[in-house]
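> So that we are looking at the same thing, I have put the structure below in structure tokens.
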Amino acid sequence: MRFLLDDAHREFARSLDGMLTAAGTPGVVRAWSRGDHAPGRALWSRLAEAGVFALAVPERHEGLGPLPVELAVAFTELGRHAVPGPLVEAVAAAALLGFLDRRGEDPTATAWLPRIASGKAVLSLCVPAAGGPYALDPDAADAVLVVADDTLRLAESTGPVQPSADPARRLARPLGGAVLARGPAVVAAAAHAADIAALATAAQCLGLGRALLDRTVAYVKQRTQFGVPVGSFQAVKHRLADTLIALEFAQPLLHSAALALARETAAHVSSASGGAAGGDAVRAGDPVSAAHEIAAAKAAAGEAAYGAARTALQLHGAVGYTEELDLSLWIRKARPLRDAWGTPTACRARILPP
């Protein structure tokens with residue numbers, strides 16, 4: 001099986017990279033951290049015009065998807081540029097609603113999915129069983145969906161914002177809300193949404209790690225000690241090589257997981273059994289399911305990104321601690337992304353249960 005991207009995928013990545021480079025994402029991240037969402041919402045609209053959110057929305061609801069491989073490509077670039085906001089949660093919410101609405105008749109899906117695809121609505125998603133009890137950026141979202149046990153709710157309010165290692169990740173506990181759906185289908189849809197969220201977060205980690213490595217390599221070529229660049233020191237070379245190897249090992253795992261999820265999603269769509277049974281049948285028929293591959297990719301990419309952050313901080317020295325340096329915006333995302341939608345320990349337990 002080929003895990004390399006084709007020309008169309010690479011061109012899509014290049015177009016997103018160019019757009020985000022021109023957008024000046026460090027300024028957007030700093031504004032988002034202060035609670036100023038206007039620059040972030042403007043960038044959100046541009047991402048929607050590029051088709052990023054439509055990748056998770058079914059075609060019957062004005063989307064392009066579901067396309068897990070393309071989502072992995074897009075979110076790698078979003079991670080590379082440290083784009084803030086509930087990006088992962090929005091596509092996971094779209095995946096959840098699309099999974100529930102196989103016939104295009106559900107009023108909730110009909111109301112929200114076209115708006116997600118077009119970027120006119122920002123949704124956040126909270127699945128305590130998979131992603132913890134807090135919703136990401138509920139103060140910036142138009143709606144927060146919450147799945148508890150077998151019940152899907154539309155949160156009516158949220159608690160106070162909780163501190164985070166990354167100031168651009170604003171967390172709050174969703175409270176109350178009207179019931180939108182209940183039953184086994186919600187459980188299956190939530191599991192699918194959690195898979196999408198873990199895959200997208202793994203892709204963000206990969207992009208984040210590559211950005212940190214690139215910035216660190218550039219820095220050690222410029223910084224000198226004893227009249228020579230510190231990048232010429234063997235210990236520095238070994239540390240950078242270890243970081244690169246970890247990222248290189250994570251990339252094919254991410255692409256393999258995206259392909260596996262694409263197969264399972266296609267099988268679910270074509271299944272005539274409907275509801276939760278269709279998704280369960282697909283998972284039962286494959287001894288190495290997409291869920292296992294996603295868990296492996298998430299663990300590898302998360303650890304690689306966190307390792308890249310530690311390398312960047314060590315090799316930049318004291319300047320790496322300063323908030324004025326843009327590098328800090330990337331460093332502070334590494335650990336929260338590593339643990340979001342599945343900690344390394346939880347992912348390993350999912351792959352190799354006791």
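Chain identifiers are assigned as A, B, and so on, following the order in which chains appear in the structure tokens; residues are numbered from 1 within each chain, and ligands are numbered from 1 in order of appearance.
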Quick one: residues within 12 Å of A:Ala349, only C-alpha atoms counted, chain neighbours fewer than 3 positions away excluded, as a ChimeraX atom specification?
/A:291-292,295-296,299,342-346,352-354
> Please identify all polymer residues within 10 Å of stretch 246-258 of chain A, counting only C-alpha atoms, omitting same-chain residues fewer than 6 positions from it, and present them as a PyMOL selection string.
chain A and resi 1-5+67-73+76+195-196+199-200+202-203+205-207+209-210+213+264+289-305+307-308
> Atom CA of A:Ala309 and atom CA of A:Gly18 are how many Å apart?
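These two atoms are separated by 23.6 Å.
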> What are the DSSP strand (DSSP E or B) residues of stretch 19-255 of chain A, as an NGL selection string?
:A and (58 or 65 or 123-126 or 135-136 or 143-148 or 151-154 or 157-158 or 162 or 171-172 or 174-175 or 178-182 or 224-225 or 228-229)
> Quick one: of A:Leu96, A:Ala340, A:Leu64, A:Ala109, who's nearest to A:Thr201, counting only C-alpha atoms?
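Closest to A:Thr201, using only C-alpha atoms: A:Ala340.
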> Kindly indicate which residue among A:Leu171, A:Leu329, A:Leu78, A:Leu123 lies nearest to A:Ser15, using only C-alpha atoms for the distances.
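Residue with the minimum atom-to-atom distance to A:Ser15: A:Leu78.
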> So which residues touch stretch 160-165 of chain A within 12 Å, counting only C-alpha atoms, skipping near sequence neighbours fewer than 4 positions away, as a PyMOL selection string?
chain A and resi 33+35+133-140+169-175+328-340
> Smallest atom-to-atom distance to A:Ala188: which of A:Ala111, A:Val83, A:Leu97, A:Leu145, using only C-alpha atoms?
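With only C-alpha atoms as the atom set, the closest residue is A:Leu97.
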> So, with only C-alpha atoms as the atoms that count, which of A:Leu261, A:Thr311, A:Gly227, A:Val187 lies closest to A:Asp149?
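Selected residue with least distance to A:Asp149: A:Val187.
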> Quick one: of A:Arg60, A:Phe75, A:Val122, A:Gln314, who's nearest to A:Gly40, counting only C-alpha atoms?
A:Val122
> Between A:Val29, A:Val186, A:Ala197, A:Leu20, which residue has the minimum interatomic distance to A:Val91, considering only C-alpha atoms?
A:Ala197
> Env of A:Thr25: 9 Å cut, atoms = only C-alpha atoms, seq-sep filter 2 positions within chain, self excluded. Answer as a list in words.
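The residues that qualify are Leu20, Thr21, Ala22, Ala23, Gly27, Val28, Val29, Arg30, Gly40, Leu43, His81, Ala82, Val83 and Pro84 of chain A.
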